[in-house]
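Step one of this worksheet: look at the structure below.
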Amino acid sequence: MTGALAHAGAINTLTAQQRHAAATGEKNIFIEAGPGTGKTTVSAQRFGVHRFAARYRHDARAVVAVSFTRAATFNLRRRVQRLWGTEALAWPHRVVTLDTIMSDLFHDLLREELVEWPDAKKLWPGGDVKLDVRDSWASCGGTSSTRSIYELGLNGKAVTFRSAFAEDYANRVPAVSILPHMRQGICTHDDVRTILEHALHRPNCAARIQARLGQQIRALVVDEVFDANELDIAILESAIAAGVAVTLVGDPWQALYLFRGAKPQVVRDFLDRNGIPTLRLTQSFRWQSEEQAELATNLRNGARVTLPIDSDDIDVAIALYWKDLWAVGGGVLPLAYHSFKGGYEEAAATLLLNHATRNILDLDATYLGDALAALNIQDRDIPRQLEPQLQGVIETLQPGTPAAIKAAYNQLVTVVGAVSARYLRPPHAAHTKRLTMLQSRLTHSGRPVPGLTTHQAKGGEWDIVGVVLSDTERSSLGVGLSVTQDTHRKIYVATTRARYRTIEVMSAPPPPSKRAAGKTAKSTTAKHIAGLT
């Protein structure tokens, strides 16, 4: 299907604002798009406009769209294909993560011998340098509470790495487990970024990066630009200097990834420094009730807001932190225990949680991929293959007594041991507590709704959303939100996911005693798991 045929009629569904943003003649443009204004659609349309523009018919360079997460990239790629057809993504045109671009630039520096990996000639005797770039070190070793870290640098052309010690203990893969892999040509995307940061301070490397961008790419669409950090901005600035047409799409109110190094405040400076004009999308298609539209307007204007506390059925519960979702009660099944730290016992418990979330909610546990990597399980079909055994663990766990939880943990160790060589430690409160958390959901009398943190909910929308707030977060709403405050932006994202209504969900009262819990009737939740396996 050609781009023109695939796109026929799609333009008629756009508002005047969206048409202008997608087809503007400005070479470099920032499109500010609030919740529900069609950000992904406009990004996809902009991609297609560049891809099929007649004046570029004989330009062999790529049109590329990037985002910062695989989920966002997947959604944008799917939208491009739906609007413009599969031909839109014929090589070299593509939709990828920004990490993919970083990896390409780093490999180019290696091939040009402007940067040299240790023992490169032994690792790649044919000269075709190909690092094994991974998301994290989880697949190469377990985490432990340690000060052991490694440091990367550039000594002349040579990439250097050495062990060192951090000031504080934290859950990490120690350097002793990492450095041997690096000597074999294995690294992470964070390592690639670290070396690129060093390389950009070298005039010859910076010039090559700029030239590479100009040679390979003619148009670049950047989704969620406010999640960019200083390195991302430096690469985008190099692209503009190379003559690449750059479209930036995002919303300063939805910048969430400060923990990954994002610096939304530098984006405005970048726009001003390069004289990039702004187009705003203000018409939201998400709000399907006056109540929700008014809430969204008040939030963005910094007005005082109090969310209603109601008994309405909700479609999802959202909180800033996983622990707050577990405190709500059995009506909410969080998709993770907490942010993934990389432990093997944590990974095994995540497989069990995934069994529950898949069967009850038809959703994967948030950190399933991290869990499989930590357990060095390459086959993504393993969780499905283990369903009968994992269901057996659920049934053992259901009574919730200390003895049942210990027995379920030992059973889980056996199940995981059949597919992973990782060593799981004997039962201990630190390792069984996640099973205790999951068991608390097995006594719920109905089918729970999914629980997501703001980071996981970003980009999603539901009819009725329940938000779990701490006292501090509730107070912030009561005095008005500010776009400059990270916590305020998280609250804003959580409270703008609903089409019809956003309500506050209160934490559940303390659970009954273990003795009373042991007398609880068989749960509907547990039956859901058993019935759907």
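By order of appearance in the structure tokens: chains A, B, ..., then residues from 1 within every chain, and ligands from 1 in the order shown.
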**Message:** Applying 8 Å and only C-alpha atoms, which residues near region 304-319 of chain A remain after dropping the ones on its own chain fewer than 3 positions away? List them as JSON, numbers by chain.
**Reply:** {"A": [295, 298, 299, 322, 324, 325, 332, 449, 450, 451, 452, 453, 454, 457, 462, 463, 464, 465, 466, 467, 468, 469, 474, 477, 478, 479, 480, 481, 494, 502, 503, 504, 505, 506]}
**Message:** What's around region 261-263 of chain A at 7 Å? Count only C-alpha atoms, leave out sequence neighbours fewer than 3 positions away in its own chain, and write the answer as an MDAnalysis selection string.
**Reply:** chainID A and resid 227:230 257:258 266
Residues of region 162-214 of chain A at most 10 Å from region 83-104 of chain A: nearest atom pair and distance in Å, only C-alpha atoms, as a Markdown table:
| residue | atom | partner | partner_atom | distance |
| --- | --- | --- | --- | --- |
| A:Thr188 | CA | A:Ser103 | CA | 9.8 |
| A:His189 | CA | A:Asp99 | CA | 6.5 |
| A:Asp190 | CA | A:Asp99 | CA | 8.8 |
| A:Asp191 | CA | A:Ser103 | CA | 9.9 |
| A:Val192 | CA | A:Ser103 | CA | 6.5 |
| A:Arg193 | CA | A:Met102 | CA | 6.9 |
| A:Leu196 | CA | A:Met102 | CA | 7.8 |
| A:Ile209 | CA | A:Met102 | CA | 9.9 |
| A:Arg212 | CA | A:Asp104 | CA | 9.4 |
| A:Leu213 | CA | A:Ile101 | CA | 9.2 |
Now that the selection is made, can you save its residues with all heavy atoms as a compact mmCIF listing (two decimals), in the first residue's frame?
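The file below, result10.txt, is the result:
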# COMPACT_ATOMS: atom_id res chain seq x y z
N THR A 188 26.21 -1.42 28.14
CA THR A 188 24.81 -1.03 28.22
C THR A 188 24.60 0.28 27.46
O THR A 188 25.56 0.98 27.10
CB THR A 188 24.36 -0.83 29.68
OG1 THR A 188 25.04 0.32 30.22
CG2 THR A 188 24.67 -2.06 30.53
N HIS A 189 23.34 0.61 27.24
CA HIS A 189 23.03 1.89 26.60
C HIS A 189 23.54 3.06 27.43
O HIS A 189 23.96 4.09 26.87
CB HIS A 189 21.52 2.01 26.37
CG HIS A 189 21.02 1.16 25.24
ND1 HIS A 189 21.35 1.42 23.93
CD2 HIS A 189 20.23 0.07 25.22
CE1 HIS A 189 20.77 0.53 23.14
NE2 HIS A 189 20.08 -0.30 23.90
N ASP A 190 23.51 2.92 28.75
CA ASP A 190 24.05 3.99 29.60
C ASP A 190 25.55 4.17 29.37
O ASP A 190 26.07 5.30 29.39
CB ASP A 190 23.79 3.68 31.08
CG ASP A 190 22.36 3.95 31.48
OD1 ASP A 190 21.65 4.68 30.75
OD2 ASP A 190 21.93 3.42 32.53
N ASP A 191 26.27 3.06 29.13
CA ASP A 191 27.70 3.16 28.85
C ASP A 191 27.94 3.88 27.53
O ASP A 191 28.85 4.71 27.42
CB ASP A 191 28.31 1.75 28.79
CG ASP A 191 28.21 1.00 30.10
OD1 ASP A 191 28.23 1.65 31.16
OD2 ASP A 191 28.09 -0.24 30.06
N VAL A 192 27.14 3.55 26.52
CA VAL A 192 27.25 4.23 25.23
C VAL A 192 27.07 5.73 25.42
O VAL A 192 27.83 6.56 24.88
CB VAL A 192 26.20 3.68 24.24
CG1 VAL A 192 26.12 4.57 22.99
CG2 VAL A 192 26.54 2.25 23.85
N ARG A 193 26.07 6.11 26.21
CA ARG A 193 25.82 7.52 26.44
C ARG A 193 26.99 8.19 27.17
O ARG A 193 27.36 9.33 26.85
CB ARG A 193 24.53 7.68 27.25
CG ARG A 193 23.27 7.44 26.43
CD ARG A 193 22.01 7.47 27.30
NE ARG A 193 20.81 7.61 26.48
CZ ARG A 193 20.29 8.74 26.07
NH1 ARG A 193 20.87 9.89 26.43
NH2 ARG A 193 19.21 8.79 25.31
N LEU A 196 29.77 8.79 24.69
CA LEU A 196 29.40 9.87 23.77
C LEU A 196 29.54 11.23 24.43
O LEU A 196 29.94 12.22 23.78
CB LEU A 196 27.98 9.67 23.26
CG LEU A 196 27.79 8.66 22.13
CD1 LEU A 196 26.31 8.54 21.77
CD2 LEU A 196 28.59 9.05 20.89
N ILE A 209 30.20 13.29 14.55
CA ILE A 209 28.81 13.05 14.95
C ILE A 209 27.87 13.93 14.15
O ILE A 209 26.84 13.48 13.63
CB ILE A 209 28.64 13.28 16.47
CG1 ILE A 209 29.31 12.13 17.25
CG2 ILE A 209 27.17 13.40 16.85
CD1 ILE A 209 29.39 12.36 18.74
N ARG A 212 27.78 12.66 10.54
CA ARG A 212 27.03 11.41 10.44
C ARG A 212 25.52 11.67 10.45
O ARG A 212 24.77 11.10 9.66
CB ARG A 212 27.41 10.50 11.61
CG ARG A 212 26.62 9.20 11.71
CD ARG A 212 27.02 8.20 10.68
NE ARG A 212 26.37 6.92 10.88
CZ ARG A 212 26.53 5.86 10.08
NH1 ARG A 212 27.34 5.93 9.04
NH2 ARG A 212 25.90 4.74 10.33
N LEU A 213 25.08 12.54 11.34
CA LEU A 213 23.65 12.87 11.40
C LEU A 213 23.18 13.47 10.08
O LEU A 213 22.12 13.11 9.56
CB LEU A 213 23.39 13.83 12.57
CG LEU A 213 23.53 13.24 13.97
CD1 LEU A 213 23.58 14.35 15.02
CD2 LEU A 213 22.37 12.28 14.28
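The smallest atom-to-atom distance between Gly343 (chain A) and any of A:Arg111, A:Arg300, A:Arg268, A:Arg172, using only C-alpha atoms, is found for A:Arg172.
Distance check against Tyr150 (chain A) using only C-alpha atoms: of A:Leu372, A:Leu179, A:Ala138, A:Ser284, the minimum falls on A:Leu179.
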**Message:** as a ChimeraX atom specification, please: the residues near Val416 (chain A) (cut-off 12 Å, only C-alpha atoms, same-chain neighbours under 6 positions excluded).
**Reply:** /A:344-352,371-372,374-377,382-383,385-387,389-390,393,409-410,422-424
Expected file: the selected residues, N, CA, C and O atoms, as an mmCIF file, in the first residue's frame:
data_model
loop_
_atom_site.group_PDB
_atom_site.id
_atom_site.type_symbol
_atom_site.label_atom_id
_atom_site.label_comp_id
_atom_site.auth_asym_id
_atom_site.auth_seq_id
_atom_site.Cartn_x
_atom_site.Cartn_y
_atom_site.Cartn_z
ATOM 1 N N TYR A 344 17.468 -11.794 42.076
ATOM 2 C CA TYR A 344 16.917 -13.015 41.501
ATOM 3 C C TYR A 344 15.599 -13.397 42.177
ATOM 4 O O TYR A 344 14.659 -13.841 41.512
ATOM 5 N N GLU A 345 15.530 -13.253 43.495
ATOM 6 C CA GLU A 345 14.298 -13.578 44.206
ATOM 7 C C GLU A 345 13.167 -12.632 43.777
ATOM 8 O O GLU A 345 12.020 -13.042 43.602
ATOM 9 N N GLU A 346 13.518 -11.371 43.589
ATOM 10 C CA GLU A 346 12.561 -10.375 43.095
ATOM 11 C C GLU A 346 12.076 -10.759 41.689
ATOM 12 O O GLU A 346 10.884 -10.647 41.371
ATOM 13 N N ALA A 347 13.001 -11.246 40.863
ATOM 14 C CA ALA A 347 12.640 -11.637 39.497
ATOM 15 C C ALA A 347 11.682 -12.825 39.510
ATOM 16 O O ALA A 347 10.705 -12.865 38.753
ATOM 17 N N ALA A 348 11.951 -13.798 40.379
ATOM 18 C CA ALA A 348 11.064 -14.962 40.471
ATOM 19 C C ALA A 348 9.670 -14.546 40.922
ATOM 20 O O ALA A 348 8.657 -15.007 40.379
ATOM 21 N N ALA A 349 9.603 -13.669 41.919
ATOM 22 C CA ALA A 349 8.301 -13.192 42.393
ATOM 23 C C ALA A 349 7.571 -12.411 41.310
ATOM 24 O O ALA A 349 6.341 -12.428 41.238
ATOM 25 N N THR A 350 8.308 -11.731 40.445
ATOM 26 C CA THR A 350 7.695 -10.992 39.343
ATOM 27 C C THR A 350 7.062 -11.940 38.332
ATOM 28 O O THR A 350 6.001 -11.643 37.766
ATOM 29 N N LEU A 351 7.687 -13.106 38.108
ATOM 30 C CA LEU A 351 7.061 -14.108 37.235
ATOM 31 C C LEU A 351 5.723 -14.565 37.812
ATOM 32 O O LEU A 351 4.757 -14.766 37.072
ATOM 33 N N LEU A 352 5.669 -14.717 39.127
ATOM 34 C CA LEU A 352 4.419 -15.134 39.759
ATOM 35 C C LEU A 352 3.375 -14.021 39.664
ATOM 36 O O LEU A 352 2.194 -14.285 39.379
ATOM 37 N N ALA A 371 12.743 -9.049 34.719
ATOM 38 C CA ALA A 371 12.819 -10.296 35.477
ATOM 39 C C ALA A 371 13.414 -11.414 34.630
ATOM 40 O O ALA A 371 14.276 -12.185 35.096
ATOM 41 N N LEU A 372 12.967 -11.530 33.381
ATOM 42 C CA LEU A 372 13.503 -12.565 32.495
ATOM 43 C C LEU A 372 14.991 -12.339 32.250
ATOM 44 O O LEU A 372 15.784 -13.293 32.223
ATOM 45 N N ALA A 374 17.113 -10.803 34.293
ATOM 46 C CA ALA A 374 17.840 -11.102 35.527
ATOM 47 C C ALA A 374 18.026 -12.606 35.712
ATOM 48 O O ALA A 374 19.065 -13.062 36.205
ATOM 49 N N LEU A 375 17.028 -13.375 35.312
ATOM 50 C CA LEU A 375 17.099 -14.834 35.428
ATOM 51 C C LEU A 375 17.783 -15.470 34.226
ATOM 52 O O LEU A 375 17.914 -16.692 34.163
ATOM 53 N N ASN A 376 18.237 -14.629 33.289
ATOM 54 C CA ASN A 376 18.901 -15.086 32.065
ATOM 55 C C ASN A 376 18.031 -16.070 31.286
ATOM 56 O O ASN A 376 18.501 -17.085 30.770
ATOM 57 N N ILE A 377 16.735 -15.747 31.204
ATOM 58 C CA ILE A 377 15.782 -16.541 30.426
ATOM 59 C C ILE A 377 15.593 -15.834 29.089
ATOM 60 O O ILE A 377 15.069 -14.718 29.039
ATOM 61 N N ILE A 382 8.497 -18.524 28.010
ATOM 62 C CA ILE A 382 8.635 -19.318 29.242
ATOM 63 C C ILE A 382 7.514 -19.047 30.242
ATOM 64 O O ILE A 382 6.959 -19.985 30.822
ATOM 65 N N PRO A 383 7.128 -17.783 30.498
ATOM 66 C CA PRO A 383 6.036 -17.563 31.458
ATOM 67 C C PRO A 383 4.761 -18.310 31.087
ATOM 68 O O PRO A 383 4.079 -18.847 31.971
ATOM 69 N N GLN A 385 4.619 -21.112 29.317
ATOM 70 C CA GLN A 385 4.886 -22.535 29.497
ATOM 71 C C GLN A 385 4.822 -22.948 30.966
ATOM 72 O O GLN A 385 4.499 -24.090 31.287
ATOM 73 N N LEU A 386 5.123 -22.013 31.850
ATOM 74 C CA LEU A 386 5.151 -22.319 33.288
ATOM 75 C C LEU A 386 3.800 -22.120 33.962
ATOM 76 O O LEU A 386 3.705 -22.264 35.189
ATOM 77 N N GLU A 387 2.760 -21.782 33.213
ATOM 78 C CA GLU A 387 1.477 -21.451 33.837
ATOM 79 C C GLU A 387 0.952 -22.536 34.784
ATOM 80 O O GLU A 387 0.507 -22.209 35.894
ATOM 81 N N GLN A 389 2.564 -24.754 36.590
ATOM 82 C CA GLN A 389 3.393 -24.764 37.800
ATOM 83 C C GLN A 389 3.197 -23.502 38.626
ATOM 84 O O GLN A 389 3.140 -23.558 39.863
ATOM 85 N N LEU A 390 3.081 -22.354 37.965
ATOM 86 C CA LEU A 390 2.862 -21.107 38.694
ATOM 87 C C LEU A 390 1.486 -21.092 39.349
ATOM 88 O O LEU A 390 1.324 -20.557 40.459
ATOM 89 N N VAL A 393 1.759 -22.733 42.591
ATOM 90 C CA VAL A 393 2.310 -21.843 43.624
ATOM 91 C C VAL A 393 1.212 -20.945 44.176
ATOM 92 O O VAL A 393 1.130 -20.723 45.399
ATOM 93 N N TYR A 409 7.007 -20.122 48.519
ATOM 94 C CA TYR A 409 8.307 -19.599 48.079
ATOM 95 C C TYR A 409 9.221 -20.743 47.649
ATOM 96 O O TYR A 409 9.852 -20.679 46.578
ATOM 97 N N ASN A 410 9.297 -21.787 48.461
ATOM 98 C CA ASN A 410 10.137 -22.938 48.096
ATOM 99 C C ASN A 410 9.664 -23.572 46.790
ATOM 100 O O ASN A 410 10.466 -23.998 45.960
ATOM 101 N N ARG A 422 20.081 -19.440 37.796
ATOM 102 C CA ARG A 422 20.340 -18.491 38.879
ATOM 103 C C ARG A 422 20.030 -19.137 40.234
ATOM 104 O O ARG A 422 19.055 -19.884 40.382
ATOM 105 N N TYR A 423 20.840 -18.784 41.229
ATOM 106 C CA TYR A 423 20.647 -19.317 42.581
ATOM 107 C C TYR A 423 19.714 -18.400 43.355
ATOM 108 O O TYR A 423 19.976 -17.207 43.515
ATOM 109 N N LEU A 424 18.610 -18.958 43.831
ATOM 110 C CA LEU A 424 17.677 -18.225 44.682
ATOM 111 C C LEU A 424 17.901 -18.625 46.124
ATOM 112 O O LEU A 424 17.954 -19.816 46.449
#
**Message:** If we count only C-alpha atoms and set the cut-off at 9 Å, which residues sit around Trp253 (chain A), ignoring sequence neighbours fewer than 4 positions away in its own chain? Please answer as a PyMOL selection string.
**Reply:** chain A and resi 34+226+300+482-484+488-490+492-493
**Message:** Could you pull out the strand (DSSP E) residues of region 185-274 of chain A, going by DSSP on the backbone, and write them as an NGL selection string?
**Reply:** :A and (186-188 or 217-222 or 245-250)
Take the selection from the previous step and output its residues with C-alpha atoms, as a compact mmCIF listing (two decimals), in the first residue's frame.
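File produced: out-v4.txt:
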# COMPACT_ATOMS: atom_id res chain seq x y z
CA ILE A 186 29.45 -6.06 26.09
CA CYS A 187 28.08 -2.80 27.47
CA THR A 188 24.81 -1.03 28.22
CA ILE A 217 19.01 11.68 8.32
CA ARG A 218 17.08 14.41 6.50
CA ALA A 219 14.18 14.76 8.96
CA LEU A 220 13.90 13.85 12.63
CA VAL A 221 10.67 13.76 14.69
CA VAL A 222 11.31 13.70 18.45
CA ALA A 245 14.77 19.20 9.76
CA VAL A 246 13.86 18.64 13.42
CA THR A 247 10.31 18.43 14.76
CA LEU A 248 9.99 18.38 18.54
CA VAL A 249 6.75 17.23 20.16
CA GLY A 250 5.93 17.28 23.85
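Residue nearest His355 (chain A), chosen from A:Gln391, A:Ser177, A:Ser445, A:Gln292 and counting only C-alpha atoms: A:Gln391.
Restricting the calculation to only C-alpha atoms, the smallest distance between Gln456 (chain A) and any of A:Ser238, A:Thr472, A:Ser339, A:Gln265 is found for A:Ser339.
The neighbours of Gly38 (chain A) here are the residues that come within 9 Å of it, using only C-alpha atoms and leaving out any residue fewer than 3 positions away in the same chain; they are A:Leu14, A:Gln18, A:Ala33, A:Gly34, A:Pro35, A:Thr41, A:Val42, A:Ser43, A:Leu281, A:Gln283, A:Ser284, A:Phe285.
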**Gly342 (chain A) environment, 10 Å, only C-alpha atoms, sequence neighbours closer than 6 positions dropped, as number ranges by chain** = A: 136-139, 141-144, 171-173, 367, 370-371, 373-375
Any chance you could export the current selection's N, CA and C atoms as a compact mmCIF listing (two decimals), in the first residue's frame?
# COMPACT_ATOMS: atom_id res chain seq x y z
N SER A 136 20.52 -3.28 30.44
CA SER A 136 21.08 -3.19 31.78
C SER A 136 22.02 -4.36 31.99
N TRP A 137 22.65 -4.39 33.16
CA TRP A 137 23.56 -5.49 33.49
C TRP A 137 22.83 -6.63 34.19
N ALA A 138 21.51 -6.57 34.26
CA ALA A 138 20.76 -7.57 35.02
C ALA A 138 21.00 -8.99 34.52
N SER A 139 21.22 -9.16 33.21
CA SER A 139 21.40 -10.51 32.68
C SER A 139 22.80 -11.06 32.93
N GLY A 141 24.52 -10.64 36.01
CA GLY A 141 24.81 -10.87 37.41
C GLY A 141 23.76 -10.23 38.30
N GLY A 142 23.58 -10.78 39.49
CA GLY A 142 22.58 -10.26 40.41
C GLY A 142 23.07 -9.03 41.14
N THR A 143 22.13 -8.28 41.68
CA THR A 143 22.48 -7.10 42.46
C THR A 143 22.73 -7.49 43.91
N SER A 144 23.46 -6.65 44.58
CA SER A 144 23.68 -6.79 46.01
C SER A 144 23.90 -5.39 46.57
N ASN A 171 21.77 -1.10 45.92
CA ASN A 171 21.62 -2.35 45.19
C ASN A 171 22.17 -2.18 43.78
N ARG A 172 23.28 -2.84 43.50
CA ARG A 172 23.96 -2.73 42.21
C ARG A 172 24.50 -4.08 41.78
N VAL A 173 24.76 -4.22 40.49
CA VAL A 173 25.61 -5.31 40.01
C VAL A 173 27.04 -4.83 40.24
N TYR A 367 7.56 -5.21 35.07
CA TYR A 367 8.98 -5.52 34.95
C TYR A 367 9.24 -6.96 34.54
N ASP A 370 12.52 -7.25 32.62
CA ASP A 370 13.67 -7.16 33.52
C ASP A 370 13.85 -8.45 34.30
N ALA A 371 12.74 -9.05 34.72
CA ALA A 371 12.82 -10.30 35.48
C ALA A 371 13.41 -11.41 34.63
N ALA A 373 15.39 -11.08 32.09
CA ALA A 373 16.80 -10.77 31.88
C ALA A 373 17.62 -11.14 33.11
N ALA A 374 17.11 -10.80 34.29
CA ALA A 374 17.84 -11.10 35.53
C ALA A 374 18.03 -12.61 35.71
N LEU A 375 17.03 -13.37 35.31
CA LEU A 375 17.10 -14.83 35.43
C LEU A 375 17.78 -15.47 34.23
**Request:** Write out as an MDAnalysis selection string all residues of region 119-346 of chain A that backbone DSSP assigns to alpha helix (DSSP H).
**Result:** chainID A and resid 120:123 175:182 189:199 203:216 230:241 264:273 290:300 322:326 344:346
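For the pair CA of Val159 (chain A) and CA of Ala211 (chain A), the separation is 21.8 Å.
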**Asked** Distance CA of Pro334 (chain A)-CA of Gly446 (chain A), one decimal place?
**Response** 15.1 Å
